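This is upload_33.cif (mmCIF, N, CA and C atoms).
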```
data_final
loop_
_atom_site.group_PDB
_atom_site.id
_atom_site.type_symbol
_atom_site.label_atom_id
_atom_site.label_comp_id
_atom_site.auth_asym_id
_atom_site.auth_seq_id
_atom_site.Cartn_x
_atom_site.Cartn_y
_atom_site.Cartn_z
ATOM 1 N N VAL A 28 -38.018 23.328 -119.079
ATOM 2 C CA VAL A 28 -36.867 23.585 -119.930
ATOM 3 C C VAL A 28 -37.219 23.129 -121.341
ATOM 4 N N CYS A 29 -37.096 24.029 -122.264
ATOM 5 C CA CYS A 29 -37.496 23.705 -123.632
ATOM 6 C C CYS A 29 -36.375 23.055 -124.431
ATOM 7 N N GLY A 30 -35.112 23.297 -124.061
ATOM 8 C CA GLY A 30 -33.999 22.699 -124.779
ATOM 9 C C GLY A 30 -33.727 23.341 -126.123
ATOM 10 N N GLY A 31 -34.406 24.423 -126.425
ATOM 11 C CA GLY A 31 -34.226 25.078 -127.717
ATOM 12 C C GLY A 31 -33.764 26.507 -127.573
ATOM 13 N N PRO A 32 -34.046 27.329 -128.580
ATOM 14 C CA PRO A 32 -33.584 28.714 -128.552
ATOM 15 C C PRO A 32 -34.229 29.558 -127.460
ATOM 16 N N CYS A 33 -35.305 29.072 -126.835
ATOM 17 C CA CYS A 33 -35.937 29.861 -125.778
ATOM 18 C C CYS A 33 -35.038 29.983 -124.546
ATOM 19 N N GLU A 34 -33.986 29.143 -124.454
ATOM 20 C CA GLU A 34 -33.071 29.218 -123.322
ATOM 21 C C GLU A 34 -32.033 30.317 -123.497
ATOM 22 N N GLN A 35 -31.883 30.837 -124.688
ATOM 23 C CA GLN A 35 -30.861 31.833 -124.952
ATOM 24 C C GLN A 35 -31.437 33.226 -124.762
ATOM 25 N N VAL A 36 -30.819 33.977 -123.853
ATOM 26 C CA VAL A 36 -31.290 35.318 -123.548
ATOM 27 C C VAL A 36 -30.092 36.255 -123.583
ATOM 28 N N VAL A 37 -30.266 37.407 -124.189
ATOM 29 C CA VAL A 37 -29.216 38.419 -124.205
ATOM 30 C C VAL A 37 -29.695 39.594 -123.368
ATOM 31 N N LEU A 38 -28.918 39.931 -122.355
ATOM 32 C CA LEU A 38 -29.264 41.055 -121.490
ATOM 33 C C LEU A 38 -28.368 42.235 -121.832
ATOM 34 N N THR A 39 -28.959 43.403 -121.867
ATOM 35 C CA THR A 39 -28.184 44.619 -122.118
ATOM 36 C C THR A 39 -28.582 45.670 -121.091
ATOM 37 N N PRO A 40 -27.644 46.525 -120.718
ATOM 38 C CA PRO A 40 -27.983 47.576 -119.751
ATOM 39 C C PRO A 40 -28.870 48.642 -120.394
ATOM 40 N N CYS A 41 -29.538 49.417 -119.564
ATOM 41 C CA CYS A 41 -30.367 50.522 -120.046
ATOM 42 C C CYS A 41 -29.459 51.679 -120.455
ATOM 43 N N LYS A 42 -29.846 52.369 -121.502
ATOM 44 C CA LYS A 42 -29.065 53.513 -121.958
ATOM 45 C C LYS A 42 -29.861 54.795 -121.758
ATOM 46 N N ALA A 43 -29.177 55.804 -121.276
ATOM 47 C CA ALA A 43 -29.817 57.112 -121.117
ATOM 48 C C ALA A 43 -29.788 57.836 -122.464
ATOM 49 N N GLU A 44 -30.771 58.658 -122.683
ATOM 50 C CA GLU A 44 -30.805 59.481 -123.887
ATOM 51 C C GLU A 44 -30.584 60.932 -123.476
ATOM 52 N N ALA A 45 -30.331 61.779 -124.448
ATOM 53 C CA ALA A 45 -29.989 63.174 -124.162
ATOM 54 C C ALA A 45 -31.061 63.869 -123.325
ATOM 55 N N LYS A 46 -32.314 63.648 -123.651
ATOM 56 C CA LYS A 46 -33.392 64.347 -122.940
ATOM 57 C C LYS A 46 -34.136 63.456 -121.957
ATOM 58 N N ARG A 47 -33.665 62.210 -121.817
ATOM 59 C CA ARG A 47 -34.328 61.278 -120.893
ATOM 60 C C ARG A 47 -33.286 60.539 -120.060
ATOM 61 N N PRO A 48 -32.926 61.082 -118.908
ATOM 62 C CA PRO A 48 -31.949 60.385 -118.067
ATOM 63 C C PRO A 48 -32.551 59.096 -117.495
ATOM 64 N N LEU A 49 -31.683 58.235 -117.000
ATOM 65 C CA LEU A 49 -32.142 56.970 -116.424
ATOM 66 C C LEU A 49 -32.880 57.209 -115.109
ATOM 67 N N THR A 50 -33.903 56.401 -114.879
ATOM 68 C CA THR A 50 -34.610 56.452 -113.603
ATOM 69 C C THR A 50 -33.753 55.759 -112.541
ATOM 70 N N ASP A 51 -34.124 55.913 -111.280
ATOM 71 C CA ASP A 51 -33.387 55.248 -110.202
ATOM 72 C C ASP A 51 -33.424 53.730 -110.377
ATOM 73 N N ALA A 52 -34.573 53.202 -110.789
ATOM 74 C CA ALA A 52 -34.707 51.755 -110.992
ATOM 75 C C ALA A 52 -33.788 51.279 -112.122
ATOM 76 N N GLN A 53 -33.702 52.048 -113.195
ATOM 77 C CA GLN A 53 -32.823 51.678 -114.307
ATOM 78 C C GLN A 53 -31.359 51.740 -113.880
ATOM 79 N N GLN A 54 -30.995 52.736 -113.084
ATOM 80 C CA GLN A 54 -29.620 52.834 -112.590
ATOM 81 C C GLN A 54 -29.284 51.643 -111.688
ATOM 82 N N GLN A 55 -30.240 51.256 -110.871
ATOM 83 C CA GLN A 55 -30.036 50.106 -109.996
ATOM 84 C C GLN A 55 -29.913 48.823 -110.820
ATOM 85 N N ALA A 56 -30.750 48.679 -111.836
ATOM 86 C CA ALA A 56 -30.665 47.509 -112.719
ATOM 87 C C ALA A 56 -29.319 47.468 -113.427
ATOM 88 N N ASN A 57 -28.823 48.619 -113.864
ATOM 89 C CA ASN A 57 -27.516 48.677 -114.513
ATOM 90 C C ASN A 57 -26.396 48.279 -113.552
ATOM 91 N N ALA A 58 -26.524 48.652 -112.274
ATOM 92 C CA ALA A 58 -25.516 48.284 -111.282
ATOM 93 C C ALA A 58 -25.480 46.768 -111.083
ATOM 94 N N VAL A 59 -26.663 46.157 -111.033
ATOM 95 C CA VAL A 59 -26.738 44.697 -110.897
ATOM 96 C C VAL A 59 -26.156 44.038 -112.145
ATOM 97 N N PHE A 60 -26.523 44.556 -113.296
ATOM 98 C CA PHE A 60 -26.013 44.027 -114.561
ATOM 99 C C PHE A 60 -24.487 44.110 -114.595
ATOM 100 N N SER A 61 -23.945 45.230 -114.151
ATOM 101 C CA SER A 61 -22.497 45.433 -114.142
ATOM 102 C C SER A 61 -21.805 44.427 -113.223
ATOM 103 N N ALA A 62 -22.386 44.161 -112.068
ATOM 104 C CA ALA A 62 -21.798 43.200 -111.136
ATOM 105 C C ALA A 62 -21.784 41.799 -111.740
ATOM 106 N N LEU A 63 -22.881 41.408 -112.387
ATOM 107 C CA LEU A 63 -22.938 40.091 -113.025
ATOM 108 C C LEU A 63 -21.939 40.004 -114.169
ATOM 109 N N ARG A 64 -21.868 41.059 -114.951
ATOM 110 C CA ARG A 64 -20.952 41.082 -116.084
ATOM 111 C C ARG A 64 -19.506 40.972 -115.611
ATOM 112 N N CYS A 65 -19.197 41.648 -114.522
ATOM 113 C CA CYS A 65 -17.848 41.609 -113.957
ATOM 114 C C CYS A 65 -17.486 40.178 -113.546
ATOM 115 N N ALA A 66 -18.413 39.479 -112.926
ATOM 116 C CA ALA A 66 -18.162 38.104 -112.493
ATOM 117 C C ALA A 66 -17.921 37.191 -113.691
ATOM 118 N N VAL A 67 -18.727 37.342 -114.728
ATOM 119 C CA VAL A 67 -18.580 36.500 -115.922
ATOM 120 C C VAL A 67 -17.271 36.813 -116.636
ATOM 121 N N GLU A 68 -16.944 38.093 -116.769
ATOM 122 C CA GLU A 68 -15.696 38.457 -117.439
ATOM 123 C C GLU A 68 -14.493 37.971 -116.643
ATOM 124 N N GLY A 69 -14.595 37.981 -115.312
ATOM 125 C CA GLY A 69 -13.528 37.429 -114.486
ATOM 126 C C GLY A 69 -13.355 35.936 -114.729
ATOM 127 N N GLY A 70 -14.477 35.250 -114.901
ATOM 128 C CA GLY A 70 -14.419 33.814 -115.208
ATOM 129 C C GLY A 70 -13.746 33.551 -116.543
ATOM 130 N N PHE A 71 -14.085 34.338 -117.554
ATOM 131 C CA PHE A 71 -13.441 34.172 -118.859
ATOM 132 C C PHE A 71 -11.957 34.508 -118.785
ATOM 133 N N ALA A 72 -11.595 35.499 -117.989
ATOM 134 C CA ALA A 72 -10.175 35.834 -117.816
ATOM 135 C C ALA A 72 -9.433 34.650 -117.205
ATOM 136 N N ALA A 73 -10.060 33.996 -116.235
ATOM 137 C CA ALA A 73 -9.436 32.816 -115.624
ATOM 138 C C ALA A 73 -9.276 31.700 -116.649
ATOM 139 N N LEU A 74 -10.292 31.479 -117.473
ATOM 140 C CA LEU A 74 -10.201 30.442 -118.501
ATOM 141 C C LEU A 74 -9.067 30.741 -119.473
ATOM 142 N N LYS A 75 -8.907 32.013 -119.830
ATOM 143 C CA LYS A 75 -7.822 32.382 -120.742
ATOM 144 C C LYS A 75 -6.468 32.198 -120.060
ATOM 145 N N THR A 76 -6.398 32.528 -118.770
ATOM 146 C CA THR A 76 -5.153 32.362 -118.026
ATOM 147 C C THR A 76 -4.770 30.889 -117.949
ATOM 148 N N TRP A 77 -5.755 30.030 -117.735
ATOM 149 C CA TRP A 77 -5.493 28.599 -117.650
ATOM 150 C C TRP A 77 -5.236 27.997 -119.032
ATOM 151 N N ARG A 78 -5.476 28.766 -120.080
ATOM 152 C CA ARG A 78 -5.287 28.362 -121.473
ATOM 153 C C ARG A 78 -6.153 27.151 -121.844
ATOM 154 N N ILE A 79 -7.313 27.057 -121.229
ATOM 155 C CA ILE A 79 -8.228 25.960 -121.518
ATOM 156 C C ILE A 79 -8.815 26.100 -122.916
ATOM 157 N N LEU A 80 -9.096 27.334 -123.303
ATOM 158 C CA LEU A 80 -9.775 27.546 -124.582
ATOM 159 C C LEU A 80 -8.856 27.326 -125.779
ATOM 160 N N ASP A 81 -7.538 27.348 -125.567
ATOM 161 C CA ASP A 81 -6.598 27.185 -126.672
ATOM 162 C C ASP A 81 -6.657 25.794 -127.291
ATOM 163 N N LYS A 82 -6.831 24.794 -126.466
ATOM 164 C CA LYS A 82 -6.751 23.412 -126.938
ATOM 165 C C LYS A 82 -8.085 22.685 -126.889
ATOM 166 N N LEU A 83 -9.152 23.402 -126.738
ATOM 167 C CA LEU A 83 -10.469 22.803 -126.609
ATOM 168 C C LEU A 83 -10.966 22.333 -127.970
ATOM 169 N N ARG A 84 -11.180 21.048 -128.115
ATOM 170 C CA ARG A 84 -11.674 20.473 -129.370
ATOM 171 C C ARG A 84 -12.913 19.630 -129.053
ATOM 172 N N LEU A 85 -14.023 20.307 -128.889
ATOM 173 C CA LEU A 85 -15.275 19.644 -128.535
ATOM 174 C C LEU A 85 -16.396 20.162 -129.418
ATOM 175 N N HIS A 86 -17.477 19.424 -129.437
ATOM 176 C CA HIS A 86 -18.705 19.905 -130.063
ATOM 177 C C HIS A 86 -19.131 21.150 -129.281
ATOM 178 N N PRO A 87 -19.611 22.193 -129.961
ATOM 179 C CA PRO A 87 -19.985 23.429 -129.248
ATOM 180 C C PRO A 87 -20.925 23.205 -128.067
ATOM 181 N N ARG A 88 -21.831 22.260 -128.172
ATOM 182 C CA ARG A 88 -22.763 22.008 -127.066
ATOM 183 C C ARG A 88 -22.006 21.520 -125.831
ATOM 184 N N HIS A 89 -21.033 20.629 -126.037
ATOM 185 C CA HIS A 89 -20.253 20.109 -124.915
ATOM 186 C C HIS A 89 -19.302 21.174 -124.376
ATOM 187 N N ALA A 90 -18.759 21.975 -125.261
ATOM 188 C CA ALA A 90 -17.874 23.057 -124.829
ATOM 189 C C ALA A 90 -18.648 24.047 -123.965
ATOM 190 N N THR A 91 -19.877 24.360 -124.354
ATOM 191 C CA THR A 91 -20.701 25.284 -123.580
ATOM 192 C C THR A 91 -20.972 24.733 -122.188
ATOM 193 N N THR A 92 -21.265 23.439 -122.105
ATOM 194 C CA THR A 92 -21.510 22.805 -120.807
ATOM 195 C C THR A 92 -20.259 22.869 -119.947
ATOM 196 N N LEU A 93 -19.109 22.583 -120.542
ATOM 197 C CA LEU A 93 -17.854 22.637 -119.808
ATOM 198 C C LEU A 93 -17.566 24.056 -119.320
ATOM 199 N N LEU A 94 -17.743 25.038 -120.190
ATOM 200 C CA LEU A 94 -17.472 26.422 -119.811
ATOM 201 C C LEU A 94 -18.409 26.896 -118.712
ATOM 202 N N ARG A 95 -19.678 26.511 -118.797
ATOM 203 C CA ARG A 95 -20.619 26.885 -117.735
ATOM 204 C C ARG A 95 -20.189 26.302 -116.396
ATOM 205 N N ALA A 96 -19.784 25.030 -116.404
ATOM 206 C CA ALA A 96 -19.355 24.382 -115.168
ATOM 207 C C ALA A 96 -18.117 25.078 -114.602
ATOM 208 N N LEU A 97 -17.160 25.409 -115.460
ATOM 209 C CA LEU A 97 -15.948 26.083 -114.998
ATOM 210 C C LEU A 97 -16.250 27.476 -114.446
ATOM 211 N N LEU A 98 -17.175 28.182 -115.082
ATOM 212 C CA LEU A 98 -17.538 29.506 -114.584
ATOM 213 C C LEU A 98 -18.237 29.421 -113.230
ATOM 214 N N VAL A 99 -19.090 28.417 -113.056
ATOM 215 C CA VAL A 99 -19.757 28.234 -111.761
ATOM 216 C C VAL A 99 -18.731 27.951 -110.677
ATOM 217 N N LEU A 100 -17.765 27.086 -110.976
ATOM 218 C CA LEU A 100 -16.736 26.776 -109.994
ATOM 219 C C LEU A 100 -15.879 27.999 -109.674
ATOM 220 N N THR A 101 -15.556 28.783 -110.687
ATOM 221 C CA THR A 101 -14.764 29.991 -110.483
ATOM 222 C C THR A 101 -15.527 30.988 -109.620
ATOM 223 N N GLN A 102 -16.808 31.170 -109.906
ATOM 224 C CA GLN A 102 -17.619 32.095 -109.111
ATOM 225 C C GLN A 102 -17.760 31.597 -107.679
ATOM 226 N N HIS A 103 -17.901 30.286 -107.509
ATOM 227 C CA HIS A 103 -18.008 29.719 -106.163
ATOM 228 C C HIS A 103 -16.722 29.967 -105.378
ATOM 229 N N GLU A 104 -15.585 29.757 -106.025
ATOM 230 C CA GLU A 104 -14.301 30.004 -105.373
ATOM 231 C C GLU A 104 -14.164 31.473 -104.982
ATOM 232 N N GLN A 105 -14.585 32.373 -105.868
ATOM 233 C CA GLN A 105 -14.511 33.806 -105.573
ATOM 234 C C GLN A 105 -15.426 34.170 -104.412
ATOM 235 N N LEU A 106 -16.614 33.581 -104.373
ATOM 236 C CA LEU A 106 -17.547 33.832 -103.272
ATOM 237 C C LEU A 106 -16.954 33.380 -101.942
ATOM 238 N N ILE A 107 -16.298 32.217 -101.953
ATOM 239 C CA ILE A 107 -15.662 31.725 -100.736
ATOM 240 C C ILE A 107 -14.567 32.681 -100.288
ATOM 241 N N ARG A 108 -13.771 33.167 -101.240
ATOM 242 C CA ARG A 108 -12.704 34.118 -100.892
ATOM 243 C C ARG A 108 -13.284 35.420 -100.339
ATOM 244 N N ASP A 109 -14.364 35.899 -100.965
ATOM 245 C CA ASP A 109 -14.958 37.165 -100.534
ATOM 246 C C ASP A 109 -15.593 37.076 -99.157
ATOM 247 N N THR A 110 -16.122 35.916 -98.795
ATOM 248 C CA THR A 110 -16.823 35.777 -97.523
ATOM 249 C C THR A 110 -15.952 35.190 -96.418
ATOM 250 N N ALA A 111 -14.710 34.836 -96.738
ATOM 251 C CA ALA A 111 -13.817 34.251 -95.729
ATOM 252 C C ALA A 111 -13.509 35.291 -94.661
ATOM 253 N N GLN A 112 -13.542 34.844 -93.435
ATOM 254 C CA GLN A 112 -13.235 35.721 -92.302
ATOM 255 C C GLN A 112 -11.726 35.802 -92.153
ATOM 256 N N PRO A 113 -11.166 37.006 -92.091
ATOM 257 C CA PRO A 113 -9.711 37.106 -91.863
ATOM 258 C C PRO A 113 -9.379 36.674 -90.443
ATOM 259 N N THR A 114 -8.340 35.900 -90.332
ATOM 260 C CA THR A 114 -7.941 35.430 -89.007
ATOM 261 C C THR A 114 -6.928 36.411 -88.418
ATOM 262 N N THR A 115 -7.073 36.648 -87.136
ATOM 263 C CA THR A 115 -6.158 37.548 -86.453
ATOM 264 C C THR A 115 -5.218 36.718 -85.593
ATOM 265 N N ALA A 116 -3.965 37.070 -85.586
ATOM 266 C CA ALA A 116 -2.967 36.299 -84.820
ATOM 267 C C ALA A 116 -2.801 36.861 -83.432
#
```

Show me this structure written as structure tokens.
Amino acid sequence: VCGGPCEQVVLTPCKAEAKRPLTDAQQQANAVFSALRCAVEGGFAALKTWRILDKLRLHPRHATTLLRALLVLTQHEQLIRDTAQPTTA
């Protein structure tokens, strides 16, 4: 871990061009990207619903750590809900 700008990565989906459609691998990568993006956006929606970001007065580094932790917990909760076995009466 370098602790510097090398940790920051921006991912973007592949774009098709008029004469060059996406390959199957690019379409699959876009599907994975979309699923990850959906999970992160759901986490931010939860943070906005909880109104955590409205009153947050922290150094950006600490705020980022807090937001990452909250997103991990939100994703973990969603995973538990998605994998829970429905009980039959």

Got a sec to tell me which of chain A DSSP assigns to alpha helix (DSSP H), as a ChimeraX atom specification?
-> /A:51-77,87-110

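Between atom N of A:Leu106 and atom CA of A:Ala58 lies a distance of 18.5 Å.
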
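We find atom N of A:Lys75 and atom N of A:Ala56 to be spaced 28.6 Å apart.
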
Between atom N of A:Lys42 and atom CA of A:Phe60, distance in Å (one decimal) =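 Going from atom N of A:Lys42 over to atom CA of A:Phe60 covers 11.5 Å.
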